[in-house]
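Participant: Sharing a structure, written as structure tokens. Questions coming.
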Protein chains: 2
Amino acid sequence: MLNHQLDRVLHALADPTRRAIVERLARGPASVSELARPLPMSLAAVVQHLQVLEASGLVNSTKVGRVRTCRLEPAGLRAAEDWLHGQRTAWERGLDRLGDLLTGDDHQGGEPR
Amino acid sequence: MLNHQLDRVLHALADPTRRAIVERLARGPASVSELARPLPMSLAAVVQHLQVLEASGLVNSTKVGRVRTCRLEPAGLRAAEDWLHGQRTAWERGLDRLGDLLTGDDHQGGEPR
DNA sequence: ACAATACTTAAGCACTTACTTGACTATGGG
DNA sequence: CCCATAGTCAAGTAAGTGCTTAAGTATTGT
């Protein structure tokens with residue numbers, strides 16, 4: 001995935017309203033009004049949040065008649081998850097190597113400079 | 001984890017400069033100047049990014065003498081990872097149940113309304 | 001003591017974000 | 001045909017973000 005898209009995904013998820021929408025959509029598809037009903041803001045504001053989510057690739061929607069149905073697109077979620085996992089495990093592996101060094105158990109050779 | 005902290009973590013990671021800092025720190029601790037060197041901006045700007053990262057709990061730092069050493073704190077990364085994973089798998093389980101319904105293989109009973 | 005290093009703090013500025021309201025365009029039921 | 005429903009579009013605004021420069025404070029090497 002391009003850095004650019006990860007950018008959009010994380011930005012989209014950084015907002016609590018948009019996370020609430022994602023949480024709702026994780027339980028199944030919903031129309032714009034259904035998504036808006038529990039939220040303390042105008043429907044127009046919700047539509048704007050949906051545009052951000054759609055631009056990030058986290059959500060896609062199709063309009064049939066006058067109702068637009070939105071669903072979650074797990075790929076974007078997955079990409080962000082993978083990035084986070086990569087950083088965290090890289091760091092934790094580093095801590096492990098440090099632990100090995102301190103216990104004299106270095107299987108790779110070469111000390112830190 | 002409180003919604004509030006997830007908020008800060010995702011907001012912190014939504015910026016490419018801050019993600020670059022996290023990627024660097026995943027390979028091991030670094031001083032402020034070391035973090036700033038490859039980045040195309042002033043040191044003061046980097047310090048501001050570090051403040052955001054530290055407020056989110058993703059990074060902590062200790063100052064010895066005149067040099068502040070920053071390291072990654074994996075807990076925040078983990079919390080975000082878990083949230084993403086939860087949403088994604090909830091959605092995918094939903095898709096599975098839908099698949100089961102379509103193949104007549106519903107082991108839970110109760111059709112969608 | 002002096003100067004270089006490694007930050008720190010504050011003020012300011014362009015740009016973006018998260019809303020609002022108001023006007024508008026389908027679509028569908030009675 | 002009429003009206004409610006469902007959503008769209010366009011301004012406008014207050015607050016927040018990501019930088020900058022400039023001035024300041026400790027700490028360390030000579």
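Please note that chains go A, B, ... in the order of the structure tokens, that every chain numbers its residues from 1, and that ligands are numbered from 1 in the order shown.
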For stretch 25-30 of chain D, list every protein, DNA or RNA residue within 8 Å, evaluated using only C-alpha atoms (C1' of nucleotides), and leave out those in the same chain fewer than 3 positions away; present the list as an MDAnalysis selection string.
Facilitator: (chainID B and resid 65:66) or (chainID C and resid 5 8)
Participant: Those residues with C-alpha atoms (C1' of nucleotides), as a compact mmCIF listing (two decimals), in the first residue's frame please?
Facilitator:
# COMPACT_ATOMS: atom_id res chain seq x y z
CA GLY B 65 22.60 15.82 30.33
CA ARG B 66 21.53 17.93 27.37
C1' DT C 5 25.77 21.73 21.03
C1' DT C 8 13.08 24.67 24.65
Participant: Output, as an mmCIF file with N, CA and C atoms, in the first residue's frame, the coordinates of chain B following least-squares superposition onto chain A across all in-order C-alpha pairs.
Facilitator:
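Contents of result.cif, freshly written:
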data_model
loop_
_atom_site.group_PDB
_atom_site.id
_atom_site.type_symbol
_atom_site.label_atom_id
_atom_site.label_comp_id
_atom_site.auth_asym_id
_atom_site.auth_seq_id
_atom_site.Cartn_x
_atom_site.Cartn_y
_atom_site.Cartn_z
ATOM 1 N N MET B 1 0.752 -1.212 0.070
ATOM 2 C CA MET B 1 -0.076 0.015 0.047
ATOM 3 C C MET B 1 0.815 1.256 0.046
ATOM 4 N N LEU B 2 0.370 2.275 -0.662
ATOM 5 C CA LEU B 2 1.141 3.516 -0.742
ATOM 6 C C LEU B 2 0.978 4.286 0.556
ATOM 7 N N ASN B 3 2.015 4.983 0.901
ATOM 8 C CA ASN B 3 2.033 5.798 2.105
ATOM 9 C C ASN B 3 0.842 6.760 2.133
ATOM 10 N N HIS B 4 0.534 7.252 0.941
ATOM 11 C CA HIS B 4 -0.543 8.200 0.754
ATOM 12 C C HIS B 4 -1.885 7.664 1.264
ATOM 13 N N GLN B 5 -2.167 6.400 0.959
ATOM 14 C CA GLN B 5 -3.451 5.825 1.335
ATOM 15 C C GLN B 5 -3.510 5.535 2.834
ATOM 16 N N LEU B 6 -2.386 5.063 3.372
ATOM 17 C CA LEU B 6 -2.289 4.855 4.813
ATOM 18 C C LEU B 6 -2.593 6.163 5.533
ATOM 19 N N ASP B 7 -2.065 7.240 4.954
ATOM 20 C CA ASP B 7 -2.309 8.582 5.429
ATOM 21 C C ASP B 7 -3.800 8.869 5.535
ATOM 22 N N ARG B 8 -4.511 8.639 4.439
ATOM 23 C CA ARG B 8 -5.947 8.910 4.414
ATOM 24 C C ARG B 8 -6.697 8.034 5.411
ATOM 25 N N VAL B 9 -6.309 6.755 5.479
ATOM 26 C CA VAL B 9 -7.004 5.822 6.371
ATOM 27 C C VAL B 9 -6.849 6.259 7.820
ATOM 28 N N LEU B 10 -5.622 6.548 8.229
ATOM 29 C CA LEU B 10 -5.397 6.922 9.630
ATOM 30 C C LEU B 10 -6.050 8.257 9.946
ATOM 31 N N HIS B 11 -5.988 9.172 8.996
ATOM 32 C CA HIS B 11 -6.635 10.456 9.216
ATOM 33 C C HIS B 11 -8.139 10.264 9.378
ATOM 34 N N ALA B 12 -8.716 9.404 8.541
ATOM 35 C CA ALA B 12 -10.156 9.135 8.636
ATOM 36 C C ALA B 12 -10.508 8.573 10.010
ATOM 37 N N LEU B 13 -9.676 7.674 10.514
ATOM 38 C CA LEU B 13 -9.981 7.000 11.782
ATOM 39 C C LEU B 13 -9.643 7.848 12.998
ATOM 40 N N ALA B 14 -8.957 8.961 12.796
ATOM 41 C CA ALA B 14 -8.548 9.799 13.920
ATOM 42 C C ALA B 14 -9.728 10.565 14.512
ATOM 43 N N ASP B 15 -10.853 10.577 13.820
ATOM 44 C CA ASP B 15 -12.015 11.322 14.308
ATOM 45 C C ASP B 15 -13.016 10.388 14.987
ATOM 46 N N PRO B 16 -13.474 10.725 16.201
ATOM 47 C CA PRO B 16 -14.357 9.831 16.951
ATOM 48 C C PRO B 16 -15.701 9.591 16.260
ATOM 49 N N THR B 17 -16.215 10.610 15.597
ATOM 50 C CA THR B 17 -17.479 10.414 14.877
ATOM 51 C C THR B 17 -17.289 9.377 13.778
ATOM 52 N N ARG B 18 -16.180 9.501 13.042
ATOM 53 C CA ARG B 18 -15.963 8.547 11.946
ATOM 54 C C ARG B 18 -15.695 7.155 12.499
ATOM 55 N N ARG B 19 -15.029 7.062 13.642
ATOM 56 C CA ARG B 19 -14.836 5.726 14.236
ATOM 57 C C ARG B 19 -16.176 5.139 14.652
ATOM 58 N N ALA B 20 -17.079 5.984 15.170
ATOM 59 C CA ALA B 20 -18.406 5.489 15.549
ATOM 60 C C ALA B 20 -19.120 4.947 14.310
ATOM 61 N N ILE B 21 -18.969 5.626 13.193
ATOM 62 C CA ILE B 21 -19.597 5.158 11.945
ATOM 63 C C ILE B 21 -19.004 3.815 11.546
ATOM 64 N N VAL B 22 -17.693 3.698 11.650
ATOM 65 C CA VAL B 22 -17.040 2.431 11.304
ATOM 66 C C VAL B 22 -17.526 1.316 12.225
ATOM 67 N N GLU B 23 -17.632 1.630 13.524
ATOM 68 C CA GLU B 23 -18.106 0.609 14.472
ATOM 69 C C GLU B 23 -19.514 0.157 14.117
ATOM 70 N N ARG B 24 -20.348 1.118 13.736
ATOM 71 C CA ARG B 24 -21.707 0.744 13.336
ATOM 72 C C ARG B 24 -21.669 -0.130 12.075
ATOM 73 N N LEU B 25 -20.860 0.255 11.115
ATOM 74 C CA LEU B 25 -20.827 -0.485 9.842
ATOM 75 C C LEU B 25 -20.185 -1.858 10.002
ATOM 76 N N ALA B 26 -19.365 -2.021 11.044
ATOM 77 C CA ALA B 26 -18.760 -3.341 11.280
ATOM 78 C C ALA B 26 -19.844 -4.351 11.640
ATOM 79 N N ARG B 27 -20.996 -3.856 12.115
ATOM 80 C CA ARG B 27 -22.092 -4.775 12.473
ATOM 81 C C ARG B 27 -23.017 -5.020 11.289
ATOM 82 N N GLY B 28 -22.765 -4.335 10.175
ATOM 83 C CA GLY B 28 -23.593 -4.554 8.991
ATOM 84 C C GLY B 28 -23.849 -3.259 8.247
ATOM 85 N N PRO B 29 -24.243 -3.333 6.992
ATOM 86 C CA PRO B 29 -24.480 -2.154 6.159
ATOM 87 C C PRO B 29 -25.570 -1.268 6.743
ATOM 88 N N ALA B 30 -25.561 -0.008 6.359
ATOM 89 C CA ALA B 30 -26.567 0.927 6.843
ATOM 90 C C ALA B 30 -26.736 2.066 5.851
ATOM 91 N N SER B 31 -27.900 2.678 5.880
ATOM 92 C CA SER B 31 -28.155 3.849 5.043
ATOM 93 C C SER B 31 -27.560 5.076 5.722
ATOM 94 N N VAL B 32 -27.484 6.176 4.975
ATOM 95 C CA VAL B 32 -26.944 7.421 5.524
ATOM 96 C C VAL B 32 -27.769 7.880 6.725
ATOM 97 N N SER B 33 -29.076 7.831 6.613
ATOM 98 C CA SER B 33 -29.932 8.296 7.717
ATOM 99 C C SER B 33 -29.778 7.404 8.938
ATOM 100 N N GLU B 34 -29.666 6.122 8.724
ATOM 101 C CA GLU B 34 -29.468 5.213 9.854
ATOM 102 C C GLU B 34 -28.170 5.551 10.580
ATOM 103 N N LEU B 35 -27.133 5.854 9.795
ATOM 104 C CA LEU B 35 -25.846 6.211 10.398
ATOM 105 C C LEU B 35 -25.958 7.529 11.153
ATOM 106 N N ALA B 36 -26.757 8.449 10.609
ATOM 107 C CA ALA B 36 -26.846 9.784 11.200
ATOM 108 C C ALA B 36 -27.681 9.800 12.477
ATOM 109 N N ARG B 37 -28.700 8.943 12.540
ATOM 110 C CA ARG B 37 -29.695 9.007 13.628
ATOM 111 C C ARG B 37 -29.062 9.119 15.018
ATOM 112 N N PRO B 38 -28.135 8.245 15.409
ATOM 113 C CA PRO B 38 -27.602 8.346 16.778
ATOM 114 C C PRO B 38 -26.586 9.473 16.974
ATOM 115 N N LEU B 39 -26.168 10.124 15.912
ATOM 116 C CA LEU B 39 -25.082 11.098 16.030
ATOM 117 C C LEU B 39 -25.605 12.501 16.297
ATOM 118 N N PRO B 40 -24.928 13.252 17.188
ATOM 119 C CA PRO B 40 -25.401 14.566 17.612
ATOM 120 C C PRO B 40 -25.017 15.668 16.645
ATOM 121 N N MET B 41 -25.392 15.514 15.373
ATOM 122 C CA MET B 41 -25.046 16.557 14.393
ATOM 123 C C MET B 41 -25.980 16.433 13.201
ATOM 124 N N SER B 42 -25.888 17.406 12.309
ATOM 125 C CA SER B 42 -26.781 17.427 11.159
ATOM 126 C C SER B 42 -26.452 16.293 10.190
ATOM 127 N N LEU B 43 -27.418 15.942 9.359
ATOM 128 C CA LEU B 43 -27.208 14.902 8.367
ATOM 129 C C LEU B 43 -26.111 15.319 7.377
ATOM 130 N N ALA B 44 -26.074 16.603 7.063
ATOM 131 C CA ALA B 44 -25.055 17.090 6.125
ATOM 132 C C ALA B 44 -23.648 16.827 6.667
ATOM 133 N N ALA B 45 -23.491 17.006 7.969
ATOM 134 C CA ALA B 45 -22.180 16.767 8.585
ATOM 135 C C ALA B 45 -21.803 15.295 8.458
ATOM 136 N N VAL B 46 -22.772 14.416 8.667
ATOM 137 C CA VAL B 46 -22.518 12.983 8.555
ATOM 138 C C VAL B 46 -22.112 12.633 7.124
ATOM 139 N N VAL B 47 -22.792 13.233 6.159
ATOM 140 C CA VAL B 47 -22.447 12.997 4.752
ATOM 141 C C VAL B 47 -20.987 13.376 4.510
ATOM 142 N N GLN B 48 -20.560 14.485 5.101
ATOM 143 C CA GLN B 48 -19.160 14.908 4.924
ATOM 144 C C GLN B 48 -18.203 13.883 5.528
ATOM 145 N N HIS B 49 -18.550 13.360 6.695
ATOM 146 C CA HIS B 49 -17.709 12.320 7.293
ATOM 147 C C HIS B 49 -17.663 11.094 6.383
ATOM 148 N N LEU B 50 -18.800 10.751 5.807
ATOM 149 C CA LEU B 50 -18.840 9.589 4.915
ATOM 150 C C LEU B 50 -17.972 9.818 3.684
ATOM 151 N N GLN B 51 -17.909 11.056 3.212
ATOM 152 C CA GLN B 51 -17.051 11.346 2.068
ATOM 153 C C GLN B 51 -15.588 11.089 2.412
ATOM 154 N N VAL B 52 -15.207 11.492 3.624
ATOM 155 C CA VAL B 52 -13.833 11.240 4.067
ATOM 156 C C VAL B 52 -13.572 9.737 4.135
ATOM 157 N N LEU B 53 -14.510 9.010 4.717
ATOM 158 C CA LEU B 53 -14.344 7.558 4.853
ATOM 159 C C LEU B 53 -14.280 6.889 3.487
ATOM 160 N N GLU B 54 -15.080 7.386 2.558
ATOM 161 C CA GLU B 54 -15.096 6.767 1.243
ATOM 162 C C GLU B 54 -13.813 7.100 0.478
ATOM 163 N N ALA B 55 -13.347 8.333 0.616
ATOM 164 C CA ALA B 55 -12.099 8.731 -0.055
ATOM 165 C C ALA B 55 -10.919 7.909 0.469
ATOM 166 N N SER B 56 -11.017 7.474 1.717
ATOM 167 C CA SER B 56 -9.928 6.690 2.311
ATOM 168 C C SER B 56 -10.007 5.229 1.890
ATOM 169 N N GLY B 57 -11.120 4.841 1.302
ATOM 170 C CA GLY B 57 -11.288 3.443 0.907
ATOM 171 C C GLY B 57 -11.825 2.556 2.009
ATOM 172 N N LEU B 58 -12.127 3.145 3.191
ATOM 173 C CA LEU B 58 -12.610 2.321 4.298
ATOM 174 C C LEU B 58 -14.067 1.913 4.121
ATOM 175 N N VAL B 59 -14.796 2.722 3.360
ATOM 176 C CA VAL B 59 -16.232 2.497 3.194
ATOM 177 C C VAL B 59 -16.551 2.622 1.715
ATOM 178 N N ASN B 60 -17.461 1.806 1.236
ATOM 179 C CA ASN B 60 -18.018 2.083 -0.089
ATOM 180 C C ASN B 60 -19.525 2.044 0.004
ATOM 181 N N SER B 61 -20.166 2.626 -0.986
ATOM 182 C CA SER B 61 -21.608 2.761 -0.895
ATOM 183 C C SER B 61 -22.210 2.660 -2.282
ATOM 184 N N THR B 62 -23.454 2.228 -2.315
ATOM 185 C CA THR B 62 -24.180 2.162 -3.581
ATOM 186 C C THR B 62 -25.548 2.767 -3.330
ATOM 187 N N LYS B 63 -26.043 3.468 -4.321
ATOM 188 C CA LYS B 63 -27.325 4.133 -4.162
ATOM 189 C C LYS B 63 -28.364 3.401 -4.999
ATOM 190 N N VAL B 64 -29.421 2.970 -4.352
ATOM 191 C CA VAL B 64 -30.507 2.351 -5.086
ATOM 192 C C VAL B 64 -31.768 3.135 -4.721
ATOM 193 N N GLY B 65 -32.427 3.622 -5.722
ATOM 194 C CA GLY B 65 -33.558 4.517 -5.484
ATOM 195 C C GLY B 65 -33.044 5.783 -4.849
ATOM 196 N N ARG B 66 -33.628 6.159 -3.708
ATOM 197 C CA ARG B 66 -33.133 7.401 -3.066
ATOM 198 C C ARG B 66 -32.288 7.089 -1.848
ATOM 199 N N VAL B 67 -32.030 5.827 -1.557
ATOM 200 C CA VAL B 67 -31.275 5.507 -0.350
ATOM 201 C C VAL B 67 -29.893 4.948 -0.687
ATOM 202 N N ARG B 68 -28.905 5.556 -0.066
ATOM 203 C CA ARG B 68 -27.520 5.125 -0.248
ATOM 204 C C ARG B 68 -27.140 4.173 0.877
ATOM 205 N N THR B 69 -26.703 3.001 0.513
ATOM 206 C CA THR B 69 -26.320 2.004 1.513
ATOM 207 C C THR B 69 -24.798 1.936 1.595
ATOM 208 N N CYS B 70 -24.284 2.050 2.820
ATOM 209 C CA CYS B 70 -22.835 2.075 3.038
ATOM 210 C C CYS B 70 -22.390 0.760 3.652
ATOM 211 N N ARG B 71 -21.250 0.287 3.231
ATOM 212 C CA ARG B 71 -20.664 -0.892 3.893
ATOM 213 C C ARG B 71 -19.162 -0.717 4.106
ATOM 214 N N LEU B 72 -18.659 -1.462 5.051
ATOM 215 C CA LEU B 72 -17.244 -1.402 5.382
ATOM 216 C C LEU B 72 -16.440 -2.155 4.337
ATOM 217 N N GLU B 73 -15.263 -1.630 4.049
ATOM 218 C CA GLU B 73 -14.313 -2.254 3.123
ATOM 219 C C GLU B 73 -13.094 -2.636 3.964
ATOM 220 N N PRO B 74 -12.929 -3.909 4.297
ATOM 221 C CA PRO B 74 -11.918 -4.274 5.309
ATOM 222 C C PRO B 74 -10.466 -4.068 4.870
ATOM 223 N N ALA B 75 -10.218 -3.903 3.564
ATOM 224 C CA ALA B 75 -8.830 -3.823 3.089
ATOM 225 C C ALA B 75 -8.063 -2.669 3.740
ATOM 226 N N GLY B 76 -8.702 -1.486 3.813
ATOM 227 C CA GLY B 76 -8.022 -0.321 4.377
ATOM 228 C C GLY B 76 -7.707 -0.552 5.846
ATOM 229 N N LEU B 77 -8.683 -1.092 6.574
ATOM 230 C CA LEU B 77 -8.505 -1.428 7.981
ATOM 231 C C LEU B 77 -7.305 -2.366 8.119
ATOM 232 N N ARG B 78 -7.264 -3.336 7.251
ATOM 233 C CA ARG B 78 -6.199 -4.327 7.268
ATOM 234 C C ARG B 78 -4.832 -3.687 7.052
ATOM 235 N N ALA B 79 -4.758 -2.781 6.078
ATOM 236 C CA ALA B 79 -3.478 -2.151 5.759
ATOM 237 C C ALA B 79 -2.941 -1.384 6.961
ATOM 238 N N ALA B 80 -3.834 -0.643 7.629
ATOM 239 C CA ALA B 80 -3.406 0.125 8.794
ATOM 240 C C ALA B 80 -2.954 -0.829 9.895
ATOM 241 N N GLU B 81 -3.746 -1.860 10.093
ATOM 242 C CA GLU B 81 -3.436 -2.889 11.096
ATOM 243 C C GLU B 81 -2.035 -3.451 10.847
ATOM 244 N N ASP B 82 -1.749 -3.763 9.597
ATOM 245 C CA ASP B 82 -0.461 -4.350 9.255
ATOM 246 C C ASP B 82 0.686 -3.380 9.541
ATOM 247 N N TRP B 83 0.472 -2.109 9.217
ATOM 248 C CA TRP B 83 1.545 -1.132 9.457
ATOM 249 C C TRP B 83 1.840 -1.060 10.951
ATOM 250 N N LEU B 84 0.778 -0.913 11.743
ATOM 251 C CA LEU B 84 0.942 -0.831 13.195
ATOM 252 C C LEU B 84 1.659 -2.070 13.717
ATOM 253 N N HIS B 85 1.212 -3.229 13.242
ATOM 254 C CA HIS B 85 1.796 -4.483 13.705
ATOM 255 C C HIS B 85 3.288 -4.529 13.366
ATOM 256 N N GLY B 86 3.601 -4.119 12.146
ATOM 257 C CA GLY B 86 5.006 -4.122 11.710
ATOM 258 C C GLY B 86 5.884 -3.272 12.620
ATOM 259 N N GLN B 87 5.443 -2.050 12.917
ATOM 260 C CA GLN B 87 6.251 -1.157 13.753
ATOM 261 C C GLN B 87 6.403 -1.740 15.148
ATOM 262 N N ARG B 88 5.288 -2.203 15.688
ATOM 263 C CA ARG B 88 5.314 -2.697 17.068
ATOM 264 C C ARG B 88 6.238 -3.906 17.195
ATOM 265 N N THR B 89 6.104 -4.852 16.265
ATOM 266 C CA THR B 89 6.909 -6.066 16.389
ATOM 267 C C THR B 89 8.377 -5.774 16.100
ATOM 268 N N ALA B 90 8.644 -4.833 15.184
ATOM 269 C CA ALA B 90 10.049 -4.467 14.932
ATOM 270 C C ALA B 90 10.667 -3.980 16.241
ATOM 271 N N TRP B 91 9.947 -3.107 16.928
ATOM 272 C CA TRP B 91 10.444 -2.553 18.192
ATOM 273 C C TRP B 91 10.616 -3.659 19.231
ATOM 274 N N GLU B 92 9.636 -4.557 19.306
ATOM 275 C CA GLU B 92 9.709 -5.597 20.330
ATOM 276 C C GLU B 92 10.828 -6.593 20.026
ATOM 277 N N ARG B 93 11.060 -6.864 18.738
ATOM 278 C CA ARG B 93 12.199 -7.719 18.385
ATOM 279 C C ARG B 93 13.490 -7.057 18.827
ATOM 280 N N GLY B 94 13.552 -5.713 18.651
ATOM 281 C CA GLY B 94 14.731 -4.967 19.083
ATOM 282 C C GLY B 94 14.949 -5.121 20.572
ATOM 283 N N LEU B 95 13.873 -5.015 21.328
ATOM 284 C CA LEU B 95 13.986 -5.174 22.774
ATOM 285 C C LEU B 95 14.479 -6.573 23.122
ATOM 286 N N ASP B 96 13.988 -7.586 22.376
ATOM 287 C CA ASP B 96 14.434 -8.952 22.610
ATOM 288 C C ASP B 96 15.934 -9.080 22.393
ATOM 289 N N ARG B 97 16.413 -8.500 21.266
ATOM 290 C CA ARG B 97 17.852 -8.601 20.985
ATOM 291 C C ARG B 97 18.649 -7.943 22.093
ATOM 292 N N LEU B 98 18.120 -6.799 22.599
ATOM 293 C CA LEU B 98 18.804 -6.125 23.701
ATOM 294 C C LEU B 98 18.836 -7.045 24.923
ATOM 295 N N GLY B 99 17.708 -7.684 25.179
ATOM 296 C CA GLY B 99 17.647 -8.632 26.300
ATOM 297 C C GLY B 99 18.676 -9.735 26.132
ATOM 298 N N ASP B 100 18.774 -10.266 24.911
ATOM 299 C CA ASP B 100 19.741 -11.319 24.629
ATOM 300 C C ASP B 100 21.154 -10.838 24.929
ATOM 301 N N LEU B 101 21.457 -9.613 24.478
ATOM 302 C CA LEU B 101 22.780 -9.056 24.710
ATOM 303 C C LEU B 101 23.083 -8.998 26.198
ATOM 304 N N LEU B 102 22.099 -8.521 26.964
ATOM 305 C CA LEU B 102 22.312 -8.349 28.396
ATOM 306 C C LEU B 102 22.503 -9.696 29.086
ATOM 307 N N THR B 103 21.872 -10.759 28.546
ATOM 308 C CA THR B 103 22.024 -12.083 29.148
ATOM 309 C C THR B 103 23.151 -12.872 28.486
ATOM 310 N N GLY B 104 23.920 -12.168 27.628
ATOM 311 C CA GLY B 104 25.057 -12.816 26.965
ATOM 312 C C GLY B 104 24.643 -13.844 25.919
ATOM 313 N N ASP B 105 23.422 -13.756 25.447
ATOM 314 C CA ASP B 105 22.862 -14.764 24.547
ATOM 315 C C ASP B 105 22.709 -14.208 23.124
ATOM 316 N N ASP B 106 23.795 -13.614 22.578
ATOM 317 C CA ASP B 106 23.670 -13.017 21.239
ATOM 318 C C ASP B 106 23.990 -14.045 20.162
ATOM 319 N N HIS B 107 22.943 -14.377 19.384
ATOM 320 C CA HIS B 107 23.145 -15.374 18.329
ATOM 321 C C HIS B 107 23.467 -14.739 16.990
ATOM 322 N N GLN B 108 23.595 -13.422 16.924
ATOM 323 C CA GLN B 108 23.852 -12.757 15.640
ATOM 324 C C GLN B 108 25.245 -12.125 15.582
ATOM 325 N N GLY B 109 25.865 -11.852 16.691
ATOM 326 C CA GLY B 109 27.162 -11.185 16.713
ATOM 327 C C GLY B 109 27.025 -9.715 16.322
ATOM 328 N N GLY B 110 28.041 -8.884 16.625
ATOM 329 C CA GLY B 110 27.999 -7.464 16.262
ATOM 330 C C GLY B 110 27.332 -6.653 17.350
ATOM 331 N N GLU B 111 28.144 -5.896 18.135
ATOM 332 C CA GLU B 111 27.537 -5.146 19.219
ATOM 333 C C GLU B 111 27.044 -3.794 18.732
ATOM 334 N N PRO B 112 26.143 -3.165 19.494
ATOM 335 C CA PRO B 112 25.665 -1.815 19.166
ATOM 336 C C PRO B 112 26.820 -0.831 19.254
ATOM 337 N N ARG B 113 26.805 0.196 18.383
ATOM 338 C CA ARG B 113 27.913 1.157 18.363
ATOM 339 C C ARG B 113 27.707 2.245 19.419
#
Participant: Can you check which residues of chain B DSSP gives as strand (DSSP E) on the backbone and send them as a PyMOL selection string?
Facilitator: chain B and resi 30-31+59-64+67-72
Participant: How would the residues just picked look written out with N, CA and C atoms as a short mmCIF file (atom, residue, chain, number, x, y, z; two decimals), in the first residue's frame?
Facilitator:
data_model
loop_
_atom_site.label_atom_id
_atom_site.label_comp_id
_atom_site.auth_asym_id
_atom_site.auth_seq_id
_atom_site.Cartn_x
_atom_site.Cartn_y
_atom_site.Cartn_z
N ALA B 30 16.45 7.00 19.89
CA ALA B 30 17.19 8.05 19.20
C ALA B 30 17.03 9.37 19.92
N SER B 31 18.00 10.24 19.74
CA SER B 31 17.91 11.59 20.31
C SER B 31 17.04 12.45 19.40
N VAL B 59 5.25 7.41 22.49
CA VAL B 59 6.69 7.60 22.67
C VAL B 59 6.91 8.11 24.08
N ASN B 60 7.99 7.68 24.70
CA ASN B 60 8.41 8.36 25.92
C ASN B 60 9.88 8.70 25.81
N SER B 61 10.31 9.62 26.64
CA SER B 61 11.67 10.10 26.49
C SER B 61 12.23 10.46 27.85
N THR B 62 13.54 10.38 27.95
CA THR B 62 14.22 10.77 29.18
C THR B 62 15.39 11.64 28.78
N LYS B 63 15.66 12.64 29.59
CA LYS B 63 16.73 13.57 29.26
C LYS B 63 17.89 13.32 30.21
N VAL B 64 19.05 13.05 29.65
CA VAL B 64 20.23 12.91 30.47
C VAL B 64 21.26 13.90 29.92
N VAL B 67 20.92 15.84 26.25
CA VAL B 67 20.31 15.09 25.16
C VAL B 67 19.11 14.27 25.64
N ARG B 68 18.02 14.46 24.92
CA ARG B 68 16.79 13.73 25.22
C ARG B 68 16.71 12.50 24.33
N THR B 69 16.58 11.36 24.95
CA THR B 69 16.50 10.11 24.19
C THR B 69 15.05 9.63 24.16
N CYS B 70 14.56 9.35 22.95
CA CYS B 70 13.17 8.95 22.76
C CYS B 70 13.10 7.47 22.45
N ARG B 71 12.10 6.82 22.98
CA ARG B 71 11.87 5.41 22.60
C ARG B 71 10.38 5.14 22.39
N LEU B 72 10.12 4.11 21.63
CA LEU B 72 8.75 3.73 21.33
C LEU B 72 8.13 3.03 22.53
#
Participant: Going by DSSP on the backbone, which bits of chain B are helix (DSSP H, G or I)? Write them as an MDAnalysis selection string, please.
Facilitator: chainID B and resid 3:13 16:26 32:36 43:55 74:102
Participant: Within 9 Å of chain A, which residues of chain D show up when using only C-alpha atoms (C1' of nucleotides), listed as a list in words?
Facilitator: DT5, DA6, DG7 and DT8 of chain D
Participant: Using N, CA and C atoms (P, O5', C5', C4', C3', O3' and C1' of nucleotides), can you export the residues from the last selection as a PDB file, in the first residue's frame?
Facilitator:
ATOM      1  P    DT D   5     -41.622  12.096   6.909  1.00  0.00           P
ATOM      2  O5'  DT D   5     -40.586  11.461   5.876  1.00  0.00           O
ATOM      3  C5'  DT D   5     -40.925  10.263   5.205  1.00  0.00           C
ATOM      4  C4'  DT D   5     -39.835   9.905   4.216  1.00  0.00           C
ATOM      5  C3'  DT D   5     -38.424   9.886   4.827  1.00  0.00           C
ATOM      6  O3'  DT D   5     -37.842   8.633   4.500  1.00  0.00           O
ATOM      7  C1'  DT D   5     -38.468  11.145   2.817  1.00  0.00           C
ATOM      8  P    DA D   6     -36.470   8.199   5.136  1.00  0.00           P
ATOM      9  O5'  DA D   6     -35.439   8.679   4.021  1.00  0.00           O
ATOM     10  C5'  DA D   6     -35.354   7.981   2.786  1.00  0.00           C
ATOM     11  C4'  DA D   6     -34.192   8.510   1.998  1.00  0.00           C
ATOM     12  C3'  DA D   6     -32.957   8.798   2.856  1.00  0.00           C
ATOM     13  O3'  DA D   6     -31.803   8.238   2.247  1.00  0.00           O
ATOM     14  C1'  DA D   6     -33.527  10.699   1.594  1.00  0.00           C
ATOM     15  P    DG D   7     -30.399   8.211   3.010  1.00  0.00           P
ATOM     16  O5'  DG D   7     -29.674   9.393   2.223  1.00  0.00           O
ATOM     17  C5'  DG D   7     -29.601   9.206   0.817  1.00  0.00           C
ATOM     18  C4'  DG D   7     -29.468  10.521   0.140  1.00  0.00           C
ATOM     19  C3'  DG D   7     -28.103  11.185   0.297  1.00  0.00           C
ATOM     20  O3'  DG D   7     -27.404  11.032  -0.924  1.00  0.00           O
ATOM     21  C1'  DG D   7     -29.904  12.725   0.255  1.00  0.00           C
ATOM     22  P    DT D   8     -25.939  11.427  -1.091  1.00  0.00           P
ATOM     23  O5'  DT D   8     -26.086  12.916  -1.699  1.00  0.00           O
ATOM     24  C5'  DT D   8     -26.807  13.108  -2.896  1.00  0.00           C
ATOM     25  C4'  DT D   8     -26.727  14.574  -3.297  1.00  0.00           C
ATOM     26  C3'  DT D   8     -25.320  15.169  -3.231  1.00  0.00           C
ATOM     27  O3'  DT D   8     -25.020  15.708  -4.506  1.00  0.00           O
ATOM     28  C1'  DT D   8     -26.877  16.582  -2.160  1.00  0.00           C
TER      29       DT D   8
END
Participant: Leaving out stretch 13-18 of chain D and any residue of its chain fewer than 5 positions from it, which residues lie within 9 Å of it when counting only C-alpha atoms (C1' of nucleotides), given as a list in words?
Facilitator: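 Returned residues: Ala45 of chain B; DC15, DT16, DT17, DA18, DC19 and DT20 of chain C.
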